[in-house]
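A.B. asks: Next up is a structure, given as structure tokens.
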Amino acid sequence: MARLLVLVNSVILLLFGSDVFLVGANRPPAPVNVSVMHLRADSATVSWEVPEGDIIIGFSISQQRQEGHTQRFIREVNTTSRSCVLWDLEEETDYIIQVQSIGLYGESQASKKVHFRTLKKTDRIPSNSSNQDDPTVQGLEKSRHLQTGEMIIIVVVLLMWAAVIALFCRQYDIIKDNDSSNNKEKVKPSSERSTPEHHSGGLLRSKFNPSVPSINIIEV
């Protein structure tokens with residue numbers, strides 16, 4: 001009986017160990033070349049690379065303040081993205097991040113830790129030639145151009161709407177004035193449209209005009 005129990009336990013351990021080995025062997029490798037760019041006071045962009053030959057269906061990012069124990073996990077699947085924007089960061093704060101790839105059989109080992117520090121809200125990236133190749137500078141310049149283009153589009157759309165509204169109001173005033181004129185013509189009293197004969201002339205006036213001689217008829 002004891003030998004049977006030992007044999008059953010050995011088989012279970014062997015099967016469990018083989019499953020763990022197969023799952024571990026099929027896990028994707030850890031991401032490489034993890035970097036942080038587009039640094040700002042409240043956001044930053046994390047990018048990484050994945051070795052070729054493995055099926056990756058998502059990623060997982062752990063974010064932690066260097067002087068704290070609070071961690072934040074970002075997990076996204078059904079994507080082939082190799083970058084992620086971190087929002088709601090605190091200015092002038094040190095952070096530590098690690099990235100994991102998600103494959104068909106689980107997650108990879110965590111990448112190497114990457115440290116970065118957010119900027120002040122009043123900081124400005126210098127625009128001298130020595131920093132033009134910096135990914136952070138390029139990202140900020142691109143974002144600034146996009147914001148300017150969006151503002152121009154919004155202003156143009158607002159001006160077009162204002163012109164349409166002004167034209168509509170003008171047409172409405174013209175139609176309203178025409179309707180008012182037509183109503184006045186319809187309501188005009190009959191005394192203003194015709195002159196009776198007895199007001200200033202006509203047959204009645206001729207009867208009493210002293211310049212016209214009168215004929216008296218005497219009966220005999």
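In the structure tokens, chains take the letters A, B, ... in the order shown, each chain's residues start at 1, and ligands count up from 1 in the order shown.
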Residues of segment 20-169 of chain A in helix (DSSP H, G or I) according to DSSP, as a ChimeraX atom specification?

C.D. replies: /A:20-26,129-131,135-169

A.B. asks: Go ahead and write the residues just picked, C-alpha atoms, as a compact mmCIF listing (two decimals), in the first residue's frame.

C.D. replies:
# COMPACT_ATOMS: atom_id res chain seq x y z
CA VAL A 20 5.36 23.44 -15.77
CA PHE A 21 8.38 22.78 -17.95
CA LEU A 22 6.33 22.94 -21.16
CA VAL A 23 4.57 26.14 -20.11
CA GLY A 24 7.84 27.74 -19.07
CA ALA A 25 9.49 26.72 -22.32
CA ASN A 26 6.66 28.24 -24.38
CA SER A 129 21.02 71.75 -32.23
CA SER A 130 22.70 69.35 -29.81
CA ASN A 131 19.31 68.04 -28.66
CA PRO A 135 13.64 61.31 -28.93
CA THR A 136 12.15 63.39 -26.13
CA VAL A 137 12.67 66.62 -28.06
CA GLN A 138 11.33 65.11 -31.26
CA GLY A 139 8.26 63.78 -29.49
CA LEU A 140 7.48 67.12 -27.89
CA GLU A 141 7.98 69.01 -31.15
CA LYS A 142 5.69 66.61 -32.98
CA SER A 143 3.05 66.90 -30.27
CA ARG A 144 3.30 70.69 -30.38
CA HIS A 145 2.80 70.71 -34.16
CA LEU A 146 -0.21 68.45 -33.82
CA GLN A 147 -1.77 70.71 -31.21
CA THR A 148 -1.23 73.78 -33.41
CA GLY A 149 -2.81 72.04 -36.41
CA GLU A 150 -5.80 70.96 -34.35
CA MET A 151 -6.33 74.52 -33.10
CA ILE A 152 -6.23 75.87 -36.66
CA ILE A 153 -8.82 73.31 -37.78
CA ILE A 154 -11.09 74.19 -34.86
CA VAL A 155 -10.85 77.93 -35.59
CA VAL A 156 -11.63 77.40 -39.29
CA VAL A 157 -14.66 75.25 -38.46
CA LEU A 158 -15.96 77.84 -35.98
CA LEU A 159 -15.57 80.64 -38.54
CA MET A 160 -17.46 78.60 -41.14
CA TRP A 161 -20.29 77.98 -38.70
CA ALA A 162 -20.41 81.67 -37.82
CA ALA A 163 -20.67 82.60 -41.52
CA VAL A 164 -23.49 80.10 -42.06
CA ILE A 165 -25.40 81.39 -39.03
CA ALA A 166 -24.96 85.03 -40.16
CA LEU A 167 -26.24 84.20 -43.66
CA PHE A 168 -29.23 82.38 -42.23
CA CYS A 169 -30.10 85.32 -39.96

A.B. asks: Do a neighbour search on segment 29-39 of chain A at 9 Å with only C-alpha atoms, toss out local chain neighbours closer than 3 positions, and write the hits as a JSON list (two decimals) with all heavy atoms, in the first residue's frame.

C.D. replies:
[["chain", "number", "residue", "atom", "x", "y", "z"],
["A", 42, "ASP", "N", 3.42, 65.33, -16.31],
["A", 42, "ASP", "CA", 2.38, 64.40, -15.87],
["A", 42, "ASP", "C", 2.25, 63.17, -16.77],
["A", 42, "ASP", "O", 1.30, 62.39, -16.61],
["A", 42, "ASP", "CB", 1.02, 65.11, -15.81],
["A", 42, "ASP", "CG", 0.64, 65.72, -17.15],
["A", 42, "ASP", "OD1", 1.48, 65.72, -18.07],
["A", 42, "ASP", "OD2", -0.51, 66.20, -17.28],
["A", 43, "SER", "N", 3.17, 62.98, -17.71],
["A", 43, "SER", "CA", 3.06, 61.82, -18.59],
["A", 43, "SER", "C", 4.42, 61.46, -19.16],
["A", 43, "SER", "O", 5.36, 62.26, -19.12],
["A", 43, "SER", "CB", 2.08, 62.10, -19.74],
["A", 43, "SER", "OG", 2.59, 63.13, -20.57],
["A", 44, "ALA", "N", 4.50, 60.25, -19.68],
["A", 44, "ALA", "CA", 5.72, 59.76, -20.33],
["A", 44, "ALA", "C", 5.33, 58.58, -21.21],
["A", 44, "ALA", "O", 4.29, 57.92, -20.99],
["A", 44, "ALA", "CB", 6.76, 59.33, -19.31],
["A", 45, "THR", "N", 6.14, 58.30, -22.22],
["A", 45, "THR", "CA", 5.88, 57.20, -23.14],
["A", 45, "THR", "C", 6.94, 56.13, -22.99],
["A", 45, "THR", "O", 8.15, 56.43, -23.03],
["A", 45, "THR", "CB", 5.86, 57.70, -24.60],
["A", 45, "THR", "OG1", 4.85, 58.70, -24.73],
["A", 45, "THR", "CG2", 5.56, 56.55, -25.55],
["A", 46, "VAL", "N", 6.51, 54.90, -22.80],
["A", 46, "VAL", "CA", 7.40, 53.76, -22.65],
["A", 46, "VAL", "C", 7.39, 52.97, -23.96],
["A", 46, "VAL", "O", 6.32, 52.68, -24.51],
["A", 46, "VAL", "CB", 6.98, 52.85, -21.48],
["A", 46, "VAL", "CG1", 7.96, 51.70, -21.31],
["A", 46, "VAL", "CG2", 6.87, 53.66, -20.20],
["A", 47, "SER", "N", 8.55, 52.63, -24.45],
["A", 47, "SER", "CA", 8.66, 51.82, -25.67],
["A", 47, "SER", "C", 9.62, 50.66, -25.42],
["A", 47, "SER", "O", 10.51, 50.75, -24.56],
["A", 47, "SER", "CB", 9.13, 52.67, -26.85],
["A", 47, "SER", "OG", 10.43, 53.17, -26.61],
["A", 48, "TRP", "N", 9.48, 49.60, -26.19],
["A", 48, "TRP", "CA", 10.32, 48.41, -26.02],
["A", 48, "TRP", "C", 10.33, 47.62, -27.31],
["A", 48, "TRP", "O", 9.60, 47.92, -28.26],
["A", 48, "TRP", "CB", 9.79, 47.54, -24.87],
["A", 48, "TRP", "CG", 8.40, 47.02, -25.11],
["A", 48, "TRP", "CD1", 8.04, 45.85, -25.71],
["A", 48, "TRP", "CD2", 7.18, 47.68, -24.75],
["A", 48, "TRP", "NE1", 6.68, 45.73, -25.75],
["A", 48, "TRP", "CE2", 6.13, 46.83, -25.17],
["A", 48, "TRP", "CE3", 6.88, 48.88, -24.12],
["A", 48, "TRP", "CZ2", 4.80, 47.16, -24.96],
["A", 48, "TRP", "CZ3", 5.56, 49.20, -23.93],
["A", 48, "TRP", "CH2", 4.54, 48.36, -24.34],
["A", 49, "GLU", "N", 11.16, 46.60, -27.34],
["A", 49, "GLU", "CA", 11.26, 45.71, -28.50],
["A", 49, "GLU", "C", 11.07, 44.27, -28.03],
["A", 49, "GLU", "O", 11.36, 43.94, -26.87],
["A", 49, "GLU", "CB", 12.61, 45.87, -29.19],
["A", 49, "GLU", "CG", 12.83, 47.25, -29.80],
["A", 49, "GLU", "CD", 14.19, 47.37, -30.45],
["A", 49, "GLU", "OE1", 14.94, 46.37, -30.47],
["A", 49, "GLU", "OE2", 14.52, 48.47, -30.97],
["A", 50, "VAL", "N", 10.60, 43.44, -28.95],
["A", 50, "VAL", "CA", 10.36, 42.03, -28.66],
["A", 50, "VAL", "C", 11.17, 41.19, -29.63],
["A", 50, "VAL", "O", 11.16, 41.45, -30.84],
["A", 50, "VAL", "CB", 8.87, 41.69, -28.79],
["A", 50, "VAL", "CG1", 8.64, 40.19, -28.56],
["A", 50, "VAL", "CG2", 8.05, 42.50, -27.81],
["A", 51, "PRO", "N", 11.91, 40.20, -29.14],
["A", 51, "PRO", "CA", 12.68, 39.33, -30.05],
["A", 51, "PRO", "C", 11.77, 38.66, -31.07],
["A", 51, "PRO", "O", 10.63, 38.30, -30.78],
["A", 51, "PRO", "CB", 13.32, 38.31, -29.10],
["A", 51, "PRO", "CG", 13.38, 39.01, -27.77],
["A", 51, "PRO", "CD", 12.17, 39.88, -27.72],
["A", 54, "ASP", "N", 8.50, 34.93, -31.85],
["A", 54, "ASP", "CA", 7.55, 34.58, -30.79],
["A", 54, "ASP", "C", 6.23, 35.30, -31.05],
["A", 54, "ASP", "O", 6.20, 36.44, -31.51],
["A", 54, "ASP", "CB", 8.09, 34.98, -29.42],
["A", 54, "ASP", "CG", 9.31, 34.17, -29.03],
["A", 54, "ASP", "OD1", 9.15, 33.01, -28.64],
["A", 54, "ASP", "OD2", 10.42, 34.74, -29.13],
["A", 98, "GLN", "N", 8.82, 48.29, -15.36],
["A", 98, "GLN", "CA", 9.24, 47.03, -15.96],
["A", 98, "GLN", "C", 8.15, 46.58, -16.93],
["A", 98, "GLN", "O", 6.96, 46.80, -16.69],
["A", 98, "GLN", "CB", 9.47, 45.95, -14.90],
["A", 98, "GLN", "CG", 10.74, 46.15, -14.08],
["A", 98, "GLN", "CD", 10.96, 45.03, -13.08],
["A", 98, "GLN", "OE1", 10.22, 44.91, -12.11],
["A", 98, "GLN", "NE2", 11.98, 44.22, -13.32],
["A", 99, "VAL", "N", 8.56, 45.93, -17.99],
["A", 99, "VAL", "CA", 7.63, 45.51, -19.04],
["A", 99, "VAL", "C", 7.70, 43.99, -19.19],
["A", 99, "VAL", "O", 8.77, 43.40, -19.12],
["A", 99, "VAL", "CB", 7.95, 46.19, -20.38],
["A", 99, "VAL", "CG1", 6.91, 45.81, -21.44],
["A", 99, "VAL", "CG2", 8.02, 47.71, -20.23],
["A", 100, "GLN", "N", 6.53, 43.38, -19.41],
["A", 100, "GLN", "CA", 6.43, 41.95, -19.68],
["A", 100, "GLN", "C", 5.63, 41.74, -20.96],
["A", 100, "GLN", "O", 4.65, 42.45, -21.22],
["A", 100, "GLN", "CB", 5.73, 41.21, -18.53],
["A", 100, "GLN", "CG", 6.53, 41.17, -17.25],
["A", 100, "GLN", "CD", 5.74, 40.51, -16.13],
["A", 100, "GLN", "OE1", 4.95, 41.15, -15.45],
["A", 100, "GLN", "NE2", 5.97, 39.20, -15.96],
["A", 101, "SER", "N", 6.03, 40.75, -21.74],
["A", 101, "SER", "CA", 5.27, 40.37, -22.93],
["A", 101, "SER", "C", 4.28, 39.28, -22.57],
["A", 101, "SER", "O", 4.56, 38.41, -21.73],
["A", 101, "SER", "CB", 6.22, 39.88, -24.03],
["A", 101, "SER", "OG", 7.08, 40.91, -24.46],
["A", 107, "GLU", "N", 2.92, 34.90, -19.47],
["A", 107, "GLU", "CA", 3.71, 36.12, -19.53],
["A", 107, "GLU", "C", 5.19, 35.79, -19.45],
["A", 107, "GLU", "O", 5.60, 34.78, -18.87],
["A", 107, "GLU", "CB", 3.32, 37.06, -18.39],
["A", 107, "GLU", "CG", 1.88, 37.52, -18.44],
["A", 107, "GLU", "CD", 1.56, 38.48, -17.30],
["A", 107, "GLU", "OE1", 2.45, 38.73, -16.47],
["A", 107, "GLU", "OE2", 0.42, 38.98, -17.24],
["A", 108, "SER", "N", 5.97, 36.68, -20.01],
["A", 108, "SER", "CA", 7.42, 36.51, -19.97],
["A", 108, "SER", "C", 7.97, 37.00, -18.63],
["A", 108, "SER", "O", 7.23, 37.51, -17.79],
["A", 108, "SER", "CB", 8.06, 37.32, -21.10],
["A", 108, "SER", "OG", 7.90, 38.72, -20.85],
["A", 109, "GLN", "N", 9.24, 36.83, -18.46],
["A", 109, "GLN", "CA", 9.91, 37.42, -17.31],
["A", 109, "GLN", "C", 9.91, 38.94, -17.46],
["A", 109, "GLN", "O", 9.83, 39.47, -18.57],
["A", 109, "GLN", "CB", 11.34, 36.89, -17.20],
["A", 109, "GLN", "CG", 11.45, 35.40, -16.94],
["A", 109, "GLN", "CD", 10.93, 35.03, -15.56],
["A", 109, "GLN", "OE1", 11.04, 35.81, -14.62],
["A", 109, "GLN", "NE2", 10.37, 33.84, -15.44],
["A", 110, "ALA", "N", 9.99, 39.62, -16.36],
["A", 110, "ALA", "CA", 10.00, 41.08, -16.40],
["A", 110, "ALA", "C", 11.31, 41.57, -17.00],
["A", 110, "ALA", "O", 12.37, 40.97, -16.84],
["A", 110, "ALA", "CB", 9.80, 41.65, -15.00],
["A", 111, "SER", "N", 11.22, 42.68, -17.71],
["A", 111, "SER", "CA", 12.42, 43.27, -18.29],
["A", 111, "SER", "C", 13.27, 43.93, -17.20],
["A", 111, "SER", "O", 12.90, 43.95, -16.03],
["A", 111, "SER", "CB", 12.01, 44.34, -19.32],
["A", 111, "SER", "OG", 11.34, 45.41, -18.67],
["A", 112, "LYS", "N", 14.39, 44.46, -17.60],
["A", 112, "LYS", "CA", 15.23, 45.18, -16.65],
["A", 112, "LYS", "C", 14.51, 46.44, -16.19],
["A", 112, "LYS", "O", 13.74, 47.05, -16.92],
["A", 112, "LYS", "CB", 16.56, 45.56, -17.30],
["A", 112, "LYS", "CG", 17.42, 44.36, -17.65],
["A", 112, "LYS", "CD", 18.74, 44.81, -18.27],
["A", 112, "LYS", "CE", 19.63, 43.63, -18.61],
["A", 112, "LYS", "NZ", 20.92, 44.06, -19.22],
["A", 113, "LYS", "N", 14.79, 46.83, -14.95],
["A", 113, "LYS", "CA", 14.16, 48.03, -14.40],
["A", 113, "LYS", "C", 14.70, 49.28, -15.11],
["A", 113, "LYS", "O", 15.89, 49.37, -15.39],
["A", 113, "LYS", "CB", 14.42, 48.13, -12.90],
["A", 113, "LYS", "CG", 13.76, 47.01, -12.10],
["A", 113, "LYS", "CD", 14.01, 47.21, -10.61],
["A", 113, "LYS", "CE", 13.33, 46.11, -9.80],
["A", 113, "LYS", "NZ", 13.54, 46.28, -8.33],
["A", 114, "VAL", "N", 13.79, 50.19, -15.37],
["A", 114, "VAL", "CA", 14.15, 51.45, -16.02],
["A", 114, "VAL", "C", 13.70, 52.58, -15.10],
["A", 114, "VAL", "O", 12.54, 52.62, -14.66],
["A", 114, "VAL", "CB", 13.48, 51.59, -17.40],
["A", 114, "VAL", "CG1", 13.79, 52.96, -18.01],
["A", 114, "VAL", "CG2", 13.94, 50.48, -18.32],
["A", 115, "HIS", "N", 14.63, 53.50, -14.81],
["A", 115, "HIS", "CA", 14.34, 54.64, -13.95],
["A", 115, "HIS", "C", 14.15, 55.88, -14.81],
["A", 115, "HIS", "O", 14.86, 56.08, -15.80],
["A", 115, "HIS", "CB", 15.48, 54.88, -12.96],
["A", 115, "HIS", "CG", 15.76, 53.70, -12.06],
["A", 115, "HIS", "ND1", 15.40, 53.67, -10.73],
["A", 115, "HIS", "CD2", 16.35, 52.50, -12.31],
["A", 115, "HIS", "CE1", 15.76, 52.51, -10.20],
["A", 115, "HIS", "NE2", 16.34, 51.78, -11.15],
["A", 116, "PHE", "N", 13.22, 56.74, -14.42],
["A", 116, "PHE", "CA", 13.07, 58.03, -15.08],
["A", 116, "PHE", "C", 12.45, 59.02, -14.08],
["A", 116, "PHE", "O", 11.85, 58.62, -13.08],
["A", 116, "PHE", "CB", 12.21, 57.92, -16.34],
["A", 116, "PHE", "CG", 10.74, 57.64, -16.09],
["A", 116, "PHE", "CD1", 9.82, 58.67, -15.99],
["A", 116, "PHE", "CD2", 10.29, 56.33, -15.97],
["A", 116, "PHE", "CE1", 8.49, 58.42, -15.75],
["A", 116, "PHE", "CE2", 8.95, 56.07, -15.74],
["A", 116, "PHE", "CZ", 8.05, 57.12, -15.64],
["A", 117, "ARG", "N", 12.59, 60.28, -14.40],
["A", 117, "ARG", "CA", 12.09, 61.35, -13.54],
["A", 117, "ARG", "C", 11.28, 62.33, -14.39],
["A", 117, "ARG", "O", 11.71, 62.76, -15.45],
["A", 117, "ARG", "CB", 13.25, 62.09, -12.87],
["A", 117, "ARG", "CG", 12.82, 63.21, -11.91],
["A", 117, "ARG", "CD", 14.03, 63.86, -11.26],
["A", 117, "ARG", "NE", 13.65, 64.95, -10.38],
["A", 117, "ARG", "CZ", 13.30, 64.81, -9.11],
["A", 117, "ARG", "NH1", 13.29, 63.59, -8.57],
["A", 117, "ARG", "NH2", 12.96, 65.85, -8.36],
["A", 118, "THR", "N", 10.08, 62.65, -13.92],
["A", 118, "THR", "CA", 9.22, 63.58, -14.63],
["A", 118, "THR", "C", 9.73, 65.01, -14.51],
["A", 118, "THR", "O", 10.53, 65.33, -13.61],
["A", 118, "THR", "CB", 7.78, 63.51, -14.10],
["A", 118, "THR", "OG1", 7.79, 63.72, -12.67],
["A", 118, "THR", "CG2", 7.16, 62.16, -14.39],
["A", 119, "LEU", "N", 9.28, 65.87, -15.39],
["A", 119, "LEU", "CA", 9.72, 67.26, -15.43],
["A", 119, "LEU", "C", 8.84, 68.14, -14.57],
["A", 119, "LEU", "O", 7.80, 67.72, -14.07],
["A", 119, "LEU", "CB", 9.70, 67.77, -16.88],
["A", 119, "LEU", "CG", 10.49, 66.96, -17.91],
["A", 119, "LEU", "CD1", 10.30, 67.58, -19.29],
["A", 119, "LEU", "CD2", 11.96, 66.90, -17.55],
["A", 134, "ASP", "N", 17.38, 64.03, -29.93],
["A", 134, "ASP", "CA", 16.85, 63.40, -28.72],
["A", 134, "ASP", "C", 15.40, 62.99, -28.96],
["A", 134, "ASP", "O", 14.59, 63.81, -29.40],
["A", 134, "ASP", "CB", 16.92, 64.39, -27.55],
["A", 134, "ASP", "CG", 16.61, 63.71, -26.22],
["A", 134, "ASP", "OD1", 16.17, 62.56, -26.24],
["A", 134, "ASP", "OD2", 16.80, 64.36, -25.18],
["A", 135, "PRO", "N", 15.03, 61.73, -28.71],
["A", 135, "PRO", "CA", 13.64, 61.31, -28.93],
["A", 135, "PRO", "C", 12.65, 62.14, -28.13],
["A", 135, "PRO", "O", 11.53, 62.37, -28.57],
["A", 135, "PRO", "CB", 13.63, 59.84, -28.48],
["A", 135, "PRO", "CG", 15.05, 59.40, -28.58],
["A", 135, "PRO", "CD", 15.88, 60.62, -28.27],
["A", 136, "THR", "N", 13.05, 62.58, -26.94],
["A", 136, "THR", "CA", 12.15, 63.39, -26.13],
["A", 136, "THR", "C", 11.83, 64.71, -26.82],
["A", 136, "THR", "O", 10.67, 65.15, -26.89],
["A", 136, "THR", "CB", 12.76, 63.66, -24.75],
["A", 136, "THR", "OG1", 13.04, 62.41, -24.13],
["A", 136, "THR", "CG2", 11.80, 64.45, -23.88],
["A", 137, "VAL", "N", 12.86, 65.35, -27.36],
["A", 137, "VAL", "CA", 12.67, 66.62, -28.06],
["A", 137, "VAL", "C", 11.82, 66.42, -29.30],
["A", 137, "VAL", "O", 10.90, 67.18, -29.59],
["A", 137, "VAL", "CB", 14.03, 67.25, -28.41],
["A", 137, "VAL", "CG1", 13.83, 68.53, -29.20],
["A", 137, "VAL", "CG2", 14.84, 67.52, -27.16],
["A", 138, "GLN", "N", 12.10, 65.36, -30.05],
["A", 138, "GLN", "CA", 11.33, 65.11, -31.26],
["A", 138, "GLN", "C", 9.87, 64.83, -30.93],
["A", 138, "GLN", "O", 8.97, 65.29, -31.63],
["A", 138, "GLN", "CB", 11.93, 63.93, -32.02],
["A", 138, "GLN", "CG", 13.34, 64.20, -32.56],
["A", 138, "GLN", "CD", 13.92, 62.98, -33.24],
["A", 138, "GLN", "OE1", 13.32, 61.91, -33.24],
["A", 138, "GLN", "NE2", 15.10, 63.13, -33.81],
["A", 139, "GLY", "N", 9.64, 64.08, -29.87],
["A", 139, "GLY", "CA", 8.26, 63.78, -29.49],
["A", 139, "GLY", "C", 7.50, 65.03, -29.08],
["A", 139, "GLY", "O", 6.34, 65.22, -29.45],
["A", 140, "LEU", "N", 8.15, 65.89, -28.32],
["A", 140, "LEU", "CA", 7.48, 67.12, -27.89],
["A", 140, "LEU", "C", 7.21, 68.05, -29.06],
["A", 140, "LEU", "O", 6.16, 68.68, -29.14],
["A", 140, "LEU", "CB", 8.35, 67.83, -26.84],
["A", 140, "LEU", "CG", 8.42, 67.13, -25.46],
["A", 140, "LEU", "CD1", 9.35, 67.92, -24.55],
["A", 140, "LEU", "CD2", 7.05, 67.02, -24.84]]

A.B. asks: Env of Gly58 of chain A: 10 Å cut, atoms = only C-alpha atoms, seq-sep filter 6 positions within chain, self excluded. Answer as an NGL selection string.

C.D. replies: :A and (75-82 or 100-104 or 107)

A.B. asks: Please compute the atom CA of Gly53 of chain A-atom CA of Gly106 of chain A distance, one decimal, in Å.

C.D. replies: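 Pair atom CA of Gly53 of chain A / atom CA of Gly106 of chain A returns 15.9 Å.
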
A.B. asks: What is the atom CA of Ser60 of chain A to atom CA of Pro28 of chain A distance in Å?

C.D. replies: 12.7 Å

A.B. asks: Record the distance separating atom CA of Arg27 of chain A and atom CA of Cys84 of chain A, expressed in Å with one decimal.

C.D. replies: 21.7 Å

A.B. asks: Using only C-alpha atoms, can you tell me which of A:Gln63, A:Glu52, A:Asn178, A:Ala41 comes closest to Leu89 of chain A?

C.D. replies: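 Answer, going by the shortest atom-to-atom distance: A:Ala41.
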